[in-house]
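**Q** Here you go, this is entry_23.cif (mmCIF, C-alpha atoms).
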data_start
loop_
_atom_site.label_atom_id
_atom_site.label_comp_id
_atom_site.auth_asym_id
_atom_site.auth_seq_id
_atom_site.Cartn_x
_atom_site.Cartn_y
_atom_site.Cartn_z
CA MET R 1 -10.02 -13.97 19.06
CA ALA R 2 -7.24 -11.71 20.35
CA ARG R 3 -5.47 -12.05 16.99
CA SER R 4 -8.52 -10.80 15.10
CA LEU R 5 -9.15 -8.02 17.61
CA PHE R 6 -5.64 -6.54 17.31
CA SER R 7 -5.72 -7.14 13.57
CA ALA R 8 -8.91 -5.07 13.27
CA LEU R 9 -7.35 -2.38 15.47
CA ALA R 10 -4.26 -2.22 13.24
CA GLY R 11 -6.48 -2.02 10.15
CA ALA R 12 -8.53 0.78 11.71
CA ILE R 13 -5.48 2.88 12.70
CA PHE R 14 -3.92 2.26 9.28
CA GLY R 15 -7.12 3.40 7.54
CA LEU R 16 -7.53 6.49 9.73
CA GLY R 17 -3.87 7.36 9.10
CA LEU R 18 -4.42 7.12 5.35
CA LEU R 19 -7.49 9.38 5.68
CA VAL R 20 -5.80 11.96 7.96
CA SER R 21 -2.68 12.14 5.80
CA GLY R 22 -4.72 12.73 2.63
CA MET R 23 -3.55 9.54 0.91
CA THR R 24 -7.14 8.54 0.13
CA ASP R 25 -7.35 11.67 -2.07
CA THR R 26 -5.98 10.88 -5.53
CA THR R 27 -5.11 14.54 -6.19
CA ARG R 28 -2.53 14.37 -3.37
CA VAL R 29 -0.87 11.19 -4.67
CA GLN R 30 -0.91 12.35 -8.29
CA GLY R 31 0.18 15.83 -7.17
CA TRP R 32 3.26 14.22 -5.64
CA LEU R 33 4.03 12.18 -8.74
CA ASP R 34 3.47 15.15 -11.06
CA VAL R 35 6.85 16.87 -10.87
CA PHE R 36 5.95 19.04 -13.90
CA GLY R 37 2.73 20.33 -12.36
CA ASP R 38 1.94 21.99 -9.01
CA TRP R 39 4.13 19.60 -6.98
CA ASP R 40 2.66 18.42 -3.65
CA PRO R 41 5.29 17.27 -1.10
CA THR R 42 2.79 15.76 1.41
CA LEU R 43 3.52 12.11 0.48
CA ALA R 44 7.15 12.49 1.55
CA PHE R 45 6.02 13.56 5.04
CA VAL R 46 3.60 10.62 5.20
CA MET R 47 6.32 8.13 4.25
CA GLY R 48 8.83 9.77 6.61
CA GLY R 49 6.31 9.71 9.47
CA ALA R 50 5.44 6.06 8.85
CA LEU R 51 9.07 4.94 8.80
CA ILE R 52 9.82 6.26 12.32
CA PRO R 53 7.58 3.90 14.39
CA MET R 54 8.41 0.96 12.11
CA ALA R 55 12.18 1.46 12.33
CA ILE R 56 11.82 1.34 16.13
CA ALA R 57 9.47 -1.68 15.92
CA TRP R 58 12.02 -3.72 13.89
CA ARG R 59 14.67 -3.01 16.57
CA VAL R 60 12.29 -4.11 19.32
CA ALA R 61 11.34 -7.18 17.25
CA ALA R 62 14.97 -8.22 16.84
CA ARG R 63 15.37 -8.28 20.64
CA ARG R 64 12.03 -9.97 21.44
CA ARG R 65 12.07 -12.63 18.69
CA VAL R 66 8.51 -13.66 19.66
CA ALA R 67 5.35 -11.59 19.10
CA VAL R 68 3.10 -10.63 22.03
CA LEU R 69 0.53 -13.22 20.87
CA GLY R 70 3.11 -15.99 20.84
CA ASN R 71 4.18 -16.66 17.26
CA PRO R 72 7.76 -16.09 16.06
CA LEU R 73 8.45 -12.62 14.61
CA PRO R 74 9.25 -12.50 10.87
CA LEU R 75 12.90 -11.50 11.30
CA THR R 76 14.34 -13.01 8.12
CA HIS R 77 13.34 -11.75 4.71
CA GLU R 78 13.86 -12.44 1.04
CA ARG R 79 16.99 -10.67 -0.25
CA VAL R 80 17.02 -11.58 -3.94
CA VAL R 81 16.14 -8.79 -6.35
CA ASP R 82 14.59 -10.61 -9.32
CA ALA R 83 12.65 -9.85 -12.51
CA LYS R 84 9.31 -10.35 -10.76
CA LEU R 85 10.14 -7.62 -8.23
CA VAL R 86 11.23 -5.10 -10.86
CA ILE R 87 8.50 -5.86 -13.44
CA GLY R 88 5.78 -6.12 -10.77
CA SER R 89 6.77 -2.85 -9.08
CA SER R 90 6.88 -1.09 -12.46
CA LEU R 91 3.39 -2.36 -13.38
CA PHE R 92 2.14 -1.33 -9.95
CA GLY R 93 3.68 2.14 -10.39
CA ALA R 94 1.99 2.54 -13.78
CA GLY R 95 -1.43 1.76 -12.30
CA TRP R 96 -0.75 3.93 -9.25
CA GLY R 97 0.22 6.90 -11.42
CA LEU R 98 -2.77 6.40 -13.69
CA ALA R 99 -5.49 6.07 -11.05
CA GLY R 100 -3.84 7.65 -7.98
CA LEU R 101 -4.72 4.75 -5.68
CA CYS R 102 -2.65 1.95 -4.16
CA PRO R 103 -4.19 -1.06 -2.33
CA GLY R 104 -4.39 0.45 1.20
CA PRO R 105 -6.15 3.71 0.25
CA ALA R 106 -8.36 1.84 -2.27
CA LEU R 107 -9.75 -0.18 0.66
CA ALA R 108 -9.82 2.67 3.19
CA SER R 109 -11.80 4.96 0.86
CA LEU R 110 -14.30 2.30 -0.24
CA GLY R 111 -16.99 3.80 2.03
CA TRP R 112 -17.06 7.14 0.21
CA GLY R 113 -15.33 6.35 -3.09
CA GLY R 114 -18.59 5.73 -4.98
CA TRP R 115 -18.85 3.54 -8.08
CA GLY R 116 -15.37 4.58 -9.25
CA GLY R 117 -13.73 3.30 -6.07
CA LEU R 118 -15.63 0.02 -6.34
CA LEU R 119 -14.70 -0.38 -10.01
CA PHE R 120 -11.00 0.18 -9.21
CA LEU R 121 -11.13 -2.35 -6.36
CA LEU R 122 -12.84 -5.02 -8.49
CA ALA R 123 -10.26 -4.55 -11.27
CA MET R 124 -7.48 -4.75 -8.64
CA LEU R 125 -8.86 -8.07 -7.36
CA VAL R 126 -8.96 -9.45 -10.93
CA GLY R 127 -5.32 -8.40 -11.36
CA MET R 128 -4.44 -10.18 -8.10
CA VAL R 129 -6.11 -13.39 -9.27
CA ALA R 130 -4.15 -13.22 -12.53
CA ALA R 131 -0.79 -12.67 -10.78
CA PRO R 132 0.24 -16.29 -9.96
CA ALA R 133 0.01 -17.28 -13.66
CA ALA R 134 1.99 -14.19 -14.70
CA LYS R 135 4.66 -14.97 -12.08
CA ALA R 136 4.99 -18.54 -13.32
CA ARG R 137 5.40 -17.24 -16.88
CA ILE R 138 8.23 -14.87 -15.85
CA ASP R 139 9.90 -17.75 -13.97
CA ARG R 140 9.80 -19.93 -17.11
CA ILE R 141 11.29 -17.15 -19.25
CA THR R 142 14.08 -16.25 -16.78
CA GLN R 143 14.97 -19.92 -16.25
CA ALA R 144 15.18 -20.53 -20.00
CA ALA R 145 17.43 -17.49 -20.48
CA MET I 146 -4.77 25.68 5.20
CA ILE I 147 -2.07 24.77 2.68
CA GLU I 148 0.63 25.36 5.31
CA THR I 149 -0.71 22.65 7.66
CA ASP I 150 -0.92 19.92 4.98
CA TRP I 151 2.53 18.55 5.77
CA LEU I 152 1.62 18.34 9.48
CA TRP I 153 -1.47 16.23 8.71
CA GLY I 154 0.72 14.15 6.42
CA LEU I 155 3.24 13.60 9.20
CA LEU I 156 0.51 12.78 11.76
CA GLY I 157 -1.19 10.35 9.36
CA GLY I 158 2.18 8.82 8.54
CA LEU I 159 2.92 8.24 12.24
CA MET I 160 -0.49 6.51 12.54
CA ILE I 161 0.27 4.30 9.51
CA GLY I 162 3.68 3.37 10.96
CA GLY I 163 2.11 2.86 14.40
CA ALA I 164 -0.45 0.46 12.94
CA ALA I 165 2.32 -1.46 11.17
CA ALA I 166 4.34 -1.58 14.43
CA LEU I 167 1.29 -2.91 16.33
CA TYR I 168 0.63 -5.56 13.67
CA LEU I 169 4.28 -6.63 13.76
CA LEU I 170 4.89 -6.71 17.51
CA VAL I 171 1.47 -8.03 18.65
CA ASN I 172 0.38 -10.28 15.76
CA GLY I 173 3.86 -11.04 14.47
CA ARG I 174 2.96 -10.13 10.88
CA VAL I 175 4.22 -7.70 8.24
CA MET I 176 1.49 -5.18 7.45
CA GLY I 177 1.21 -5.16 3.66
CA ALA I 178 -2.19 -4.20 2.28
CA SER I 179 -1.74 -6.01 -1.06
CA GLY I 180 -0.52 -9.18 0.66
CA ILE I 181 -3.33 -9.24 3.22
CA ILE I 182 -6.11 -8.97 0.63
CA GLY I 183 -4.20 -10.80 -2.12
CA GLY I 184 -3.68 -13.89 0.03
CA LEU I 185 -7.44 -14.05 0.61
CA VAL I 186 -8.27 -13.61 -3.06
CA ASP I 187 -5.89 -16.24 -4.45
CA GLY I 188 -6.40 -18.64 -1.54
CA SER I 189 -2.75 -18.72 -0.43
CA ALA I 190 -3.56 -17.62 3.15
CA ARG I 191 -6.31 -20.07 4.09
CA ASP I 192 -5.00 -20.54 7.64
CA GLN I 193 -5.07 -16.80 8.38
CA TRP I 194 -8.41 -15.78 6.90
CA ALA I 195 -9.99 -14.66 10.21
CA GLU I 196 -7.31 -12.16 11.21
CA ARG I 197 -7.03 -10.90 7.62
CA LEU I 198 -10.78 -10.36 7.31
CA ALA I 199 -10.70 -8.56 10.68
CA PHE I 200 -7.90 -6.30 9.39
CA LEU I 201 -9.91 -5.47 6.25
CA ALA I 202 -13.05 -4.83 8.31
CA GLY I 203 -11.14 -2.26 10.41
CA LEU I 204 -9.47 -0.76 7.34
CA VAL I 205 -12.71 -0.31 5.36
CA GLY I 206 -15.20 0.21 8.18
CA VAL I 207 -13.56 2.66 10.60
CA PRO I 208 -12.53 5.35 8.06
CA ALA I 209 -15.99 5.02 6.45
CA LEU I 210 -17.59 5.60 9.85
CA ALA I 211 -15.31 8.59 10.54
CA VAL I 212 -16.21 10.19 7.20
CA LEU I 213 -19.91 9.49 7.81
CA LEU I 214 -19.72 11.29 11.18
CA ILE I 215 -17.31 14.12 10.32
CA GLY I 216 -17.48 14.30 6.53
CA GLY I 217 -15.15 16.26 4.32
CA ALA I 218 -13.40 13.43 2.48
CA GLU I 219 -13.07 13.27 -1.30
CA THR I 220 -11.25 10.75 -3.47
CA HIS I 221 -11.29 12.90 -6.66
CA LEU I 222 -11.13 9.68 -8.67
CA SER I 223 -11.06 9.82 -12.44
CA GLY I 224 -14.53 9.69 -14.02
CA ASN I 225 -13.13 7.61 -16.87
CA PRO I 226 -13.96 3.90 -16.28
CA ALA I 227 -11.13 2.81 -18.62
CA VAL I 228 -8.55 4.64 -16.47
CA LEU I 229 -9.96 3.07 -13.29
CA ILE I 230 -10.11 -0.47 -14.73
CA LEU I 231 -6.63 -0.31 -16.28
CA GLY I 232 -5.21 1.27 -13.11
CA GLY I 233 -6.83 -1.36 -10.88
CA LEU I 234 -5.66 -4.28 -13.04
CA LEU I 235 -2.07 -3.00 -13.06
CA VAL I 236 -2.04 -2.31 -9.30
CA GLY I 237 -3.46 -5.78 -8.50
CA LEU I 238 -1.19 -7.67 -10.90
CA GLY I 239 1.95 -5.65 -10.12
CA THR I 240 1.72 -5.69 -6.33
CA ARG I 241 1.17 -9.45 -6.20
CA MET I 242 3.93 -10.09 -8.73
CA ALA I 243 6.37 -7.96 -6.70
CA ASN I 244 5.01 -9.34 -3.39
CA GLY I 245 4.22 -5.92 -1.93
CA CYS I 246 3.00 -2.37 -2.36
CA THR I 247 3.48 1.00 -0.64
CA SER I 248 2.82 -0.42 2.84
CA GLY I 249 4.71 -3.73 2.58
CA HIS I 250 7.72 -2.73 0.48
CA GLY I 251 7.57 0.99 1.28
CA VAL I 252 6.82 1.33 5.01
CA CYS I 253 7.75 -2.15 6.32
CA GLY I 254 10.61 -2.87 3.87
CA ILE I 255 12.50 0.43 3.87
CA SER I 256 12.29 0.70 7.68
CA ARG I 257 14.29 -2.58 7.98
CA LEU I 258 16.60 -1.44 5.12
CA SER I 259 15.45 -4.32 2.93
CA LEU I 260 17.10 -4.13 -0.51
CA ARG I 261 13.94 -5.55 -2.13
CA GLY I 262 11.79 -2.90 -0.43
CA ILE I 263 14.09 -0.09 -1.56
CA VAL I 264 14.34 -1.38 -5.17
CA ALA I 265 10.54 -1.86 -5.37
CA THR I 266 9.91 1.66 -4.05
CA VAL I 267 12.36 3.23 -6.52
CA PHE I 268 10.65 1.46 -9.43
CA TYR I 269 7.03 2.17 -8.50
CA ILE I 270 7.73 5.84 -7.82
CA LEU I 271 9.83 6.26 -10.98
CA VAL I 272 7.35 4.49 -13.28
CA GLY I 273 4.40 6.05 -11.44
CA GLY I 274 5.84 9.53 -12.05
CA ILE I 275 6.55 8.87 -15.73
CA VAL I 276 3.07 7.39 -16.38
CA MET I 277 1.38 10.17 -14.40
CA VAL I 278 3.19 12.94 -16.32
CA LEU I 279 2.58 11.22 -19.70
CA ALA I 280 -1.09 10.56 -18.97
CA ARG I 281 -1.73 14.12 -17.77
CA HIS I 282 0.51 16.35 -19.86
CA VAL I 283 0.95 14.37 -23.08
CA LEU I 284 -2.10 12.15 -23.51
CA GLY I 285 -4.54 14.29 -21.51
CA TRP I 286 -6.27 11.25 -19.93
CA ILE I 287 -6.32 12.60 -16.37
#
Rewrite the structure from the file as structure tokens, please.

**A**
Amino acid sequence: MARSLFSALAGAIFGLGLLVSGMTDTTRVQGWLDVFGDWDPTLAFVMGGALIPMAIAWRVAARRRVAVLGNPLPLTHERVVDAKLVIGSSLFGAGWGLAGLCPGPALASLGWGGWGGLLFLLAMLVGMVAAPAAKARIDRITQAA
Amino acid sequence: MIETDWLWGLLGGLMIGGAAALYLLVNGRVMGASGIIGGLVDGSARDQWAERLAFLAGLVGVPALAVLLIGGAETHLSGNPAVLILGGLLVGLGTRMANGCTSGHGVCGISRLSLRGIVATVFYILVGGIVMVLARHVLGWI
């Protein structure tokens, strides 16, 4: 119960942060990506602001080793840069540039995003379902090479 | 109005990072939006469905309530269904293939100086910028 409660709280603060920062507005995101148009620097401030609490949190996590609710903190992480990371991030970037939404803001703006927001989300879920097969395919190709 | 945009961006950013810090230190999890919903969709996170659904409920419900009460939010989404469908498919496929998006690789990865997080962020911003500029200034789609 406590896990779900704090999880919902984190989701709520995350969503409000996306709303306050303007990241649920596609003109802001696309305005940042459009270096040949009327460039909007807001996204850099959002990313900079978000990195500060998290950089501190990782330092605290390294000392605590165990989360407040008891489970071990995820202190080790994958270090291998592979084809799936590069291809996947490039595909993600293409969709992000095209529509102006990434997964967090797509969810946060669902309440007022109308049919367009719902259509984007449904397509995103279809893409997510298709991902394991695409990953396996890349693995087969890179192993054969 | 324009002059305060960066301040709202910074404040919102601190809230996003604060939420990620809370999720890490209290729940012991990395806050990645694509991973949280993706694990539910493809069934790879069956043991964590309750806390993930709770996260999504907060993420969708609370901003919706805020906009209902205060108003003033606009997504300015494209009116072209093809752009929305293609964009959504690419975002869903790409984030799950790369194991993260702007929150997981961007906020949580870069803040621990993860090489994967930095490489992912360079690629999605670079390709995002190229596609955005092509789609707007060359193809005229958006």

**Q** Given the choices I:Ile263, I:Ile182, I:Leu213, I:Leu238, which gets closest to chain R if the distance is worked out from all atoms listed in the file?

**A**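 Counting all atoms listed in the file, the residue closest to chain R is I:Leu238.
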
**Q** Give me, as a compact mmCIF listing (two decimals) with C-alpha atoms, in the frame of the given file, all polymer residues having an atom no more than 9 Å from R:Trp112, counting only C-alpha atoms and skipping those fewer than 6 positions away in the same chain.

**A**
# COMPACT_ATOMS: atom_id res chain seq x y z
CA ALA I 209 -15.99 5.02 6.45
CA VAL I 212 -16.21 10.19 7.20
CA LEU I 213 -19.91 9.49 7.81
CA ALA I 218 -13.40 13.43 2.48
CA GLU I 219 -13.07 13.27 -1.30
CA THR I 220 -11.25 10.75 -3.47

**Q** The PyMOL selection byres ((chain R and resi 12-28) around 9) on the file shown: which residues, as a VMD selection string?

**A** (chain R and resid 7 to 11 29 to 33 40 to 43 45 to 46 99 to 101 104 to 109) or (chain I and resid 150 to 165 200 to 208 211 to 212 218 to 223)

**Q** Run through the PyMOL selection byres ((chain R and resi 130-138) around 8) on the given coordinates and return the selected residues as a ChimeraX atom specification.

**A** /R:83-84,126-129,139-142 /I:237-239,241-242

**Q** Determine the nearest neighbour of chain R from the options I:Val283, I:Ile215, I:Ile230, I:Met176, counting all atoms listed in the file.

**A**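 Looking only at the distances to chain R, the closest residue turns out to be I:Ile230.
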
**Q** By how many Å are atom CA of I:Ala195 and atom CA of R:Met1 apart?

**A** 8.9 Å

**Q** Selected by the PyMOL selection byres ((chain I and resi 244) around 10) in the shown coordinates: which residues, as a VMD selection string?

**A** (chain R and resid 84 to 85 88 to 89 131) or (chain I and resid 177 179 to 180 183 238 to 243 245 to 246 249 to 250 261 to 262 265)

**Q** Nearest to chain R: which of I:Val236, I:Leu169, I:Val175, I:Leu271 is it, counting only C-alpha atoms?

**A**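 Ranking I:Val236, I:Leu169, I:Val175, I:Leu271 by distance to chain R, first place goes to I:Val236.
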
**Q** Using the file's own x, y and z axes, what box holds all listed atoms of stretch 204-209 of chain I with 6 Å on each side, keeping edges along x, y and z, and what are its centre and edge lengths in Å to one decimal, as lines of an AutoDock Vina configuration file?

**A**
center_x = -12.7
center_y = 2.3
center_z = 8.0
size_x = 18.5
size_y = 18.1
size_z = 17.2

**Q** Determine the nearest neighbour of chain I from the options R:Ala144, R:Val60, R:Ala123, R:Leu118, counting all atoms listed in the file.

**A**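 Smallest distance to chain I is found for R:Ala123.
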
**Q** Please report the interatomic distance between atom CA of I:Ala178 and atom CA of I:Thr149 in Å with one decimal.

**A**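 Going from atom CA of I:Ala178 over to atom CA of I:Thr149 covers 27.4 Å.
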
**Q** Work out how far apart atom CA of I:Gly173 and atom CA of R:Phe6 are and give it in Å to one decimal.

**A**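 Answer for the atom CA of I:Gly173 to atom CA of R:Phe6 separation: 10.9 Å.
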
**Q** My list of candidates is I:Ile255, I:Leu185, I:Ala280, I:Leu260. Which is closest to I:Val228 when distances are computed with only C-alpha atoms?

**A**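 Ranking I:Ile255, I:Leu185, I:Ala280, I:Leu260 by distance to I:Val228, first place goes to I:Ala280.
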
**Q** Can you tell me which residues surround stretch 64-70 of chain R at a distance of at most 12 Å, considering all atoms listed in the file, apart from same-chain residues fewer than 6 positions away, and format the answer as a ChimeraX atom specification?

**A** /R:1-7,57-58,76 /I:166-175

**Q** Which residue gives the smallest distance to chain R among I:Gly285, I:Leu210, I:Leu258, I:Glu196, with only C-alpha atoms counted?

**A** I:Glu196
